[in-house]
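Novice: Mind having a look at this structure? Questions to follow.
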Amino acid sequence: MLKDTVNINGKAKADNTYDAIVIGSGISGGWAAKELTEKGLKTIMLERGRNYEHLKDYKTATKDPWEFEHRGSITQAQAKQHPIIARGWGANEQIIDKWANDVDAPYTEVKPFNWWRAYQLGGRSQLWGRQSYRWSDHDFEANAKDGWAIDWPIRYADLKPWYDYVEKFAGISGSMEGLEQLPDGHFLPPMQMNVVEKDVARRIKEKYKGSRHMIIGRTANLTAAIPGRTACQFRNRCWEGCPFGGYFSTQSSTLPAAVATGNLTVRPFSIVTKIIYDKNTQKATGVEVLDAETNQTYEYHAKIVFVNASALNSAWVLMNSATDVWEGGLGSSSGELGHNVMDHHYNVGASGVVEGFEDKYVYGRRANGIYIPRFTNLFGDKRDYLRGFGYQGSANRDDWSRDVAEMQFGTGYKEALTEPGIWRMGMTGFGELLPYHENKVSLDKNKKDKWGLPVLAMDAELKDNEQKMRVDMLSEAKAMLESAGVKDIKTWNNGHHIGDGIHEMGTARMGRDPKTSVLNGHNQVWDAKNVFVTDGASMTSSACQNPSLTYMALTARAADYAVSELKKGNI
Amino acid sequence: MNRRDAIGRVALLMGGTIIGAEFFLSGCKPTASKVEDLFGADDVAFFNEVGDTIIPETNTPGAKTVNIGNFMAIMVRDCYKPEDQKIFLTAKDNINKQSKKQFGKDFVNCDIKQRTAVLNTLDVEQKEYNKHKDKKAPNHYFRMVKELTLLGYFTSEPGCTKALRYVAIPGKYEGDVPYKKGDRAWATR
């Protein structure tokens, strides 16, 4: 489908001039392309990896479990190409090829850092967890109220219409809850909590007198069909690519819309090495691209550049740009480019056994779980750390992978494993990470990637505030499960290397003052008004909610502003 | 297993993760390229018998029917680290050693009751070993055999569709469905 309708600009064309350039094709890049093309701008979207076609390239998506030779495990040969991904749960036979090759594109770990990258069209929109939550003024005002770092230049009211806008298009399912810290939105019908989750939710509500809430997750899976896309079929195999277009990805959602305008060109294998900056006009004139297949260099020119390469790579592009004017690159005049690296820290939580539901089971595979919105340091609650966390989790019956401890091998053992086991309810916290100037990424000019480009050096870690929060994340999870009658509770705090949340943020933050921020309140680079950064790099604080929905809203808002400024002749 | 499932299943998976399936060290080289380099036909046949003792044929197929020995060979060849490969390759000798000790003969010459007794002894041994095992200490060969048997069987076509229940496209989610003892578990979730 894509091949027939998208103008794939595989090799250099004589005319390399467009109205707009979008660097990156993930969640925010896809949104930038959609918005800019729908507003009539001839746009080229540059993707550093291969083309990746909707449906056609979802090669594993309809295979049955037994058709996978290694039943989900990766081989040693694959582990060798993906040493970072092989550290965690993402190393699966089904999707290992969707992660970037860590050997071709290495980075330096000054401190341990797990960087989960997806280098093909659609980026991590193909693989994301789809949890979609609005941020509230408790988040946008947090830095100002705590006197921490710098104030956000925007408030919830600035973003609310754009949350409305992107939710309607992306398709987010969820329940209306009326919570101040987690604003309601335009939701498709909520998925169901299962019978155990409902019981735990009811008990938590009683125990905490309505001050804590366990709700169904809000997810970018369609619980009802929308134009051009089929409803979620509850296969829980989203990350293999959905043959039904049941979840939001660039391929299922924003790309077809951009293509339909006739204004989009997509160029895969295009590593943007720098933004070309004209110091006379103090604007960008285009970008330089290294063809990842041929190593040839090309230039593309445009009136507007949207940087959506993902938080760390967007910073990398800026660091390599306009170095003749600023040694540290475009946006470095603030001293904040590459700094304030944030993520959400997790790998801490609790789970236990729920009794009394042995006569209950579920049907279908729900690609979603429960969510417990933040309750600490809100509404009069006060802790010995700043900010807070939410929990994600679910209740399930054990499957064959449990041990049947006292059973002898043979018929009885086999029969026992063919039945579902006990119910367990588990949850893990997702905690806010404060912006620290000293948590940074920078260029390591001594190490080069496959293409001879300098790599990033990661130097970021959790600090005292996060460690204190993690103690609380564990004990509150335990306390809530206990209050819900959950038995045999096990807790864990396995530590967290930054990056593992796959929510990198903050490396080109928004602000009110060019001296302390890289971007203004419209995601415009202070030092180059026609350059916009609207991915995780732009975040001024991290909140504790999953951030992608906010990137979508910021991108749509910035694109609207960019085009109006362009029309006014201001950029 | 995606992130949500990983979260929900922490501390499950038989108290750890499937050996070799998820946590790899970087830079290890496969030591063998063909199944035959590590396993002969008689080895595959041997592990079919071992697997079938753990998961025998009942009113549904057993582990031998799904050629569990061959599955083990593929997994050990492709997915195991060299040090784990070495340990696994001691399994046959060790199982025979145990059967000689208990019954004075090789495993395959034992009857089904004796075979079951041998493997149960080794299972108690591996559990005991695992209880006190340091994270970095080598894995127990019989734990590998057991894990690969369960994984290979319950993700096979007969395992999914006959021993368990499998629906490729559920189409909906219902969180409150009646269950009665004997109903089979879902193959995937």
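A note on labels: chains of the structure tokens are A, B, ... as shown, every chain counts residues from 1, and ligands are counted from 1 in their shown order.
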Quick one: residues within 8 Å of segment 164-167 of chain B, only C-alpha atoms counted, chain neighbours fewer than 6 positions away excluded, as a PDB file with C-alpha atoms, in the first residue's frame?

Specialist:
```
ATOM      1  CA  THR A 418      -3.059 -27.817  31.521  1.00  0.00           C
ATOM      2  CA  GLU A 419      -5.355 -26.043  33.978  1.00  0.00           C
TER       3      GLU A 419
ATOM      4  CA  PHE B 154       3.152 -26.126  25.792  1.00  0.00           C
ATOM      5  CA  ARG B 184      -8.110 -26.102  30.131  1.00  0.00           C
ATOM      6  CA  ALA B 185      -5.972 -22.987  30.438  1.00  0.00           C
ATOM      7  CA  TRP B 186      -5.443 -20.565  27.563  1.00  0.00           C
ATOM      8  CA  ALA B 187      -2.272 -21.283  25.625  1.00  0.00           C
ATOM      9  CA  THR B 188      -1.322 -17.618  25.298  1.00  0.00           C
TER      10      THR B 188
END
```

Novice: Set the distance at 8 Å and use only C-alpha atoms: which residues neighbour segment 376-388 of chain A once local chain neighbours fewer than 3 positions away are removed? I'd like the list as a PyMOL selection string.

Specialist: chain A and resi 142+146+431-432+465-466+468-469+543-544

Novice: Set out as JSON lines a contact list for chain A and chain B with a cut-off of 7 Å, giving each residue of chain A that qualifies its closest atom pair and distance in Å to one decimal, counting only C-alpha atoms, ordered by chain and rising residue number.

Specialist:
```
{"residue": "A:Pro65", "atom": "CA", "partner": "B:Thr155", "partner_atom": "CA", "distance": 5.9}
{"residue": "A:Trp66", "atom": "CA", "partner": "B:Ser156", "partner_atom": "CA", "distance": 4.8}
{"residue": "A:His70", "atom": "CA", "partner": "B:Met75", "partner_atom": "CA", "distance": 6.3}
{"residue": "A:Arg71", "atom": "CA", "partner": "B:Thr155", "partner_atom": "CA", "distance": 6.9}
{"residue": "A:Ser73", "atom": "CA", "partner": "B:Ala21", "partner_atom": "CA", "distance": 4.9}
{"residue": "A:Ile74", "atom": "CA", "partner": "B:Cys79", "partner_atom": "CA", "distance": 6.3}
{"residue": "A:Thr75", "atom": "CA", "partner": "B:Cys79", "partner_atom": "CA", "distance": 4.3}
{"residue": "A:Gln76", "atom": "CA", "partner": "B:Cys79", "partner_atom": "CA", "distance": 5.2}
{"residue": "A:Ala79", "atom": "CA", "partner": "B:Ser26", "partner_atom": "CA", "distance": 6.6}
{"residue": "A:Lys80", "atom": "CA", "partner": "B:Gly27", "partner_atom": "CA", "distance": 5.4}
{"residue": "A:Pro83", "atom": "CA", "partner": "B:Ser26", "partner_atom": "CA", "distance": 5.0}
{"residue": "A:Ala86", "atom": "CA", "partner": "B:Phe24", "partner_atom": "CA", "distance": 5.9}
{"residue": "A:Arg87", "atom": "CA", "partner": "B:Phe23", "partner_atom": "CA", "distance": 5.6}
{"residue": "A:Gly88", "atom": "CA", "partner": "B:Phe23", "partner_atom": "CA", "distance": 6.7}
{"residue": "A:Trp89", "atom": "CA", "partner": "B:Glu22", "partner_atom": "CA", "distance": 6.6}
{"residue": "A:Gly90", "atom": "CA", "partner": "B:Asn2", "partner_atom": "CA", "distance": 6.8}
{"residue": "A:Ala91", "atom": "CA", "partner": "B:Glu22", "partner_atom": "CA", "distance": 6.4}
{"residue": "A:Gln192", "atom": "CA", "partner": "B:Gly175", "partner_atom": "CA", "distance": 6.3}
{"residue": "A:Met193", "atom": "CA", "partner": "B:Gly175", "partner_atom": "CA", "distance": 6.1}
{"residue": "A:Asn194", "atom": "CA", "partner": "B:Gly175", "partner_atom": "CA", "distance": 3.7}
{"residue": "A:Val195", "atom": "CA", "partner": "B:Asp176", "partner_atom": "CA", "distance": 5.2}
{"residue": "A:Gln233", "atom": "CA", "partner": "B:Gly171", "partner_atom": "CA", "distance": 4.0}
{"residue": "A:Phe234", "atom": "CA", "partner": "B:Lys172", "partner_atom": "CA", "distance": 5.6}
{"residue": "A:Arg235", "atom": "CA", "partner": "B:Ile169", "partner_atom": "CA", "distance": 5.8}
{"residue": "A:Asp359", "atom": "CA", "partner": "B:Tyr179", "partner_atom": "CA", "distance": 4.5}
{"residue": "A:Lys360", "atom": "CA", "partner": "B:Pro178", "partner_atom": "CA", "distance": 4.8}
{"residue": "A:Tyr361", "atom": "CA", "partner": "B:Val177", "partner_atom": "CA", "distance": 5.0}
{"residue": "A:Val362", "atom": "CA", "partner": "B:Gly175", "partner_atom": "CA", "distance": 4.7}
{"residue": "A:Tyr363", "atom": "CA", "partner": "B:Glu174", "partner_atom": "CA", "distance": 5.0}
{"residue": "A:Gly364", "atom": "CA", "partner": "B:Tyr173", "partner_atom": "CA", "distance": 4.5}
{"residue": "A:Arg365", "atom": "CA", "partner": "B:Arg189", "partner_atom": "CA", "distance": 5.1}
{"residue": "A:Arg366", "atom": "CA", "partner": "B:Tyr173", "partner_atom": "CA", "distance": 6.1}
{"residue": "A:Gly393", "atom": "CA", "partner": "B:Gly8", "partner_atom": "CA", "distance": 6.2}
{"residue": "A:Ser394", "atom": "CA", "partner": "B:Gly8", "partner_atom": "CA", "distance": 6.3}
{"residue": "A:Asp399", "atom": "CA", "partner": "B:Ala185", "partner_atom": "CA", "distance": 6.9}
{"residue": "A:Ser401", "atom": "CA", "partner": "B:Leu13", "partner_atom": "CA", "distance": 5.0}
{"residue": "A:Arg402", "atom": "CA", "partner": "B:Met14", "partner_atom": "CA", "distance": 5.0}
{"residue": "A:Asp403", "atom": "CA", "partner": "B:Met14", "partner_atom": "CA", "distance": 5.0}
{"residue": "A:Gln408", "atom": "CA", "partner": "B:Asn120", "partner_atom": "CA", "distance": 6.3}
{"residue": "A:Phe409", "atom": "CA", "partner": "B:Ile54", "partner_atom": "CA", "distance": 4.9}
{"residue": "A:Gly410", "atom": "CA", "partner": "B:Ile54", "partner_atom": "CA", "distance": 5.2}
{"residue": "A:Thr411", "atom": "CA", "partner": "B:Pro56", "partner_atom": "CA", "distance": 6.3}
{"residue": "A:Lys414", "atom": "CA", "partner": "B:Ile55", "partner_atom": "CA", "distance": 5.6}
{"residue": "A:Thr418", "atom": "CA", "partner": "B:Arg184", "partner_atom": "CA", "distance": 5.5}
{"residue": "A:Glu419", "atom": "CA", "partner": "B:Ala185", "partner_atom": "CA", "distance": 4.7}
{"residue": "A:Pro420", "atom": "CA", "partner": "B:Ala185", "partner_atom": "CA", "distance": 4.7}
{"residue": "A:Gly426", "atom": "CA", "partner": "B:Gly8", "partner_atom": "CA", "distance": 5.4}
{"residue": "A:Met427", "atom": "CA", "partner": "B:Gly8", "partner_atom": "CA", "distance": 6.8}
{"residue": "A:Thr428", "atom": "CA", "partner": "B:Ile7", "partner_atom": "CA", "distance": 6.7}
```

Novice: Write out as a tab-separated table (two decimals) with N, CA and C atoms, in the first residue's frame each polymer residue whose atoms come within 12 Å of Val325 of chain A, counting only C-alpha atoms; drop sequence neighbours fewer than 5 positions from it.

Specialist:
```
chain	number	residue	atom	x	y	z
A	276	ILE	N	21.35	22.59	8.67
A	276	ILE	CA	22.17	23.64	8.03
A	276	ILE	C	21.65	25.00	8.50
A	277	TYR	N	22.53	25.77	9.11
A	277	TYR	CA	22.14	27.01	9.77
A	277	TYR	C	22.77	28.21	9.06
A	278	ASP	N	21.95	29.20	8.79
A	278	ASP	CA	22.43	30.43	8.15
A	278	ASP	C	22.55	31.52	9.21
A	279	LYS	N	23.80	31.90	9.53
A	279	LYS	CA	23.94	32.83	10.65
A	279	LYS	C	23.47	34.24	10.30
A	280	ASN	N	23.34	34.54	9.03
A	280	ASN	CA	22.85	35.87	8.65
A	280	ASN	C	21.36	36.01	8.95
A	282	GLN	N	19.76	33.80	10.80
A	282	GLN	CA	19.56	33.10	12.07
A	282	GLN	C	18.43	32.07	11.96
A	319	MET	N	23.42	19.08	18.51
A	319	MET	CA	24.84	19.23	18.92
A	319	MET	C	25.77	19.28	17.72
A	320	ASN	N	25.38	18.63	16.63
A	320	ASN	CA	26.22	18.60	15.43
A	320	ASN	C	25.94	19.75	14.46
A	330	LEU	N	23.64	23.84	17.92
A	330	LEU	CA	22.44	24.67	17.89
A	330	LEU	C	21.62	24.45	19.16
A	331	GLY	N	21.35	25.54	19.87
A	331	GLY	CA	20.60	25.43	21.12
A	331	GLY	C	21.48	25.34	22.34
A	332	SER	N	22.80	25.27	22.12
A	332	SER	CA	23.71	25.11	23.26
A	332	SER	C	24.00	26.43	23.96
A	333	SER	N	23.54	27.54	23.37
A	333	SER	CA	23.82	28.84	24.00
A	333	SER	C	23.21	28.92	25.40
A	527	ASP	N	17.36	29.85	19.23
A	527	ASP	CA	18.41	30.36	18.35
A	527	ASP	C	18.15	30.12	16.87
A	528	ALA	N	17.04	29.49	16.53
A	528	ALA	CA	16.68	29.28	15.12
A	528	ALA	C	15.18	29.09	15.06
```

Novice: When you count only C-alpha atoms, which of these residues is closest to Gln296 of chain A: A:Leu312, A:Ile150, A:Phe269, A:Asn236?

Specialist: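 Result for the nearest residue to Gln296 of chain A: A:Phe269.
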
Novice: For the atom pair atom CA of Leu179 of chain A and atom CA of Thr254 of chain A, what is the interatomic distance in Å to one decimal place?

Specialist: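 The value is 29.3 Å.
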
Novice: Please identify all polymer residues within 9 Å of Asp449 of chain A, counting only C-alpha atoms, omitting same-chain residues fewer than 5 positions from it, and present them as a list in words.

Specialist: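 Contacts, in chain order: Val103, Asp104, Ala105, Pro106, Tyr107, Pro454 and Val455 of chain A.
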
Novice: How would the residues just chosen look if you wrote them out with C-alpha atoms as a compact mmCIF listing (two decimals), in the first residue's frame?

Specialist:
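Written file, again00.txt:
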```txt
# COMPACT_ATOMS: atom_id res chain seq x y z
CA VAL A 103 26.83 -2.85 17.25
CA ASP A 104 26.37 -0.60 14.21
CA ALA A 105 25.20 2.26 16.42
CA PRO A 106 27.05 2.03 19.73
CA TYR A 107 27.13 4.58 22.52
CA PRO A 454 30.51 10.50 16.74
CA VAL A 455 28.34 8.71 19.27
```

Novice: Quick check for you: according to DSSP on this backbone, which residues of segment 256-345 of chain A are classed as helix (DSSP H, G or I)? Reply as a PyMOL selection string.

Specialist: chain A and resi 256-260+311-319+332-334

Novice: Write the residues of the selection above to a file with C-alpha atoms, as a CSV table (one decimal), in the first residue's frame.

Specialist:
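In the end it all went to again.csv:
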```
chain,number,residue,atom,x,y,z
A,256,PRO,CA,-1.9,7.3,5.8
A,257,ALA,CA,-3.4,10.7,6.6
A,258,ALA,CA,-0.2,12.5,5.5
A,259,VAL,CA,0.0,10.4,2.4
A,260,ALA,CA,-3.6,11.2,1.5
A,311,ALA,CA,14.9,12.7,22.7
A,312,LEU,CA,18.6,11.7,22.6
A,313,ASN,CA,19.0,11.7,18.9
A,314,SER,CA,17.3,15.0,18.5
A,315,ALA,CA,19.9,16.4,20.9
A,316,TRP,CA,22.6,14.7,18.9
A,317,VAL,CA,21.4,16.4,15.7
A,318,LEU,CA,21.4,19.8,17.4
A,319,MET,CA,24.8,19.2,18.9
A,332,SER,CA,23.7,25.1,23.3
A,333,SER,CA,23.8,28.8,24.0
A,334,SER,CA,21.6,28.1,27.0
```

Novice: Please, which residues of segment 173-408 of chain A, numbered as in this document, come out strand (DSSP E or B) from DSSP, as an MDAnalysis selection string?

Specialist: chainID A and resid 173 179 182 187:188 215:216 219 221 226 229 247 264:267 270:278 283:291 297:301 304:307 342 345 348:354 360:363 370:372 389:397

Novice: Atom CA of Ile498 of chain A to atom CA of Arg124 of chain A: how many Å, to one decimal?

Specialist: 17.4 Å
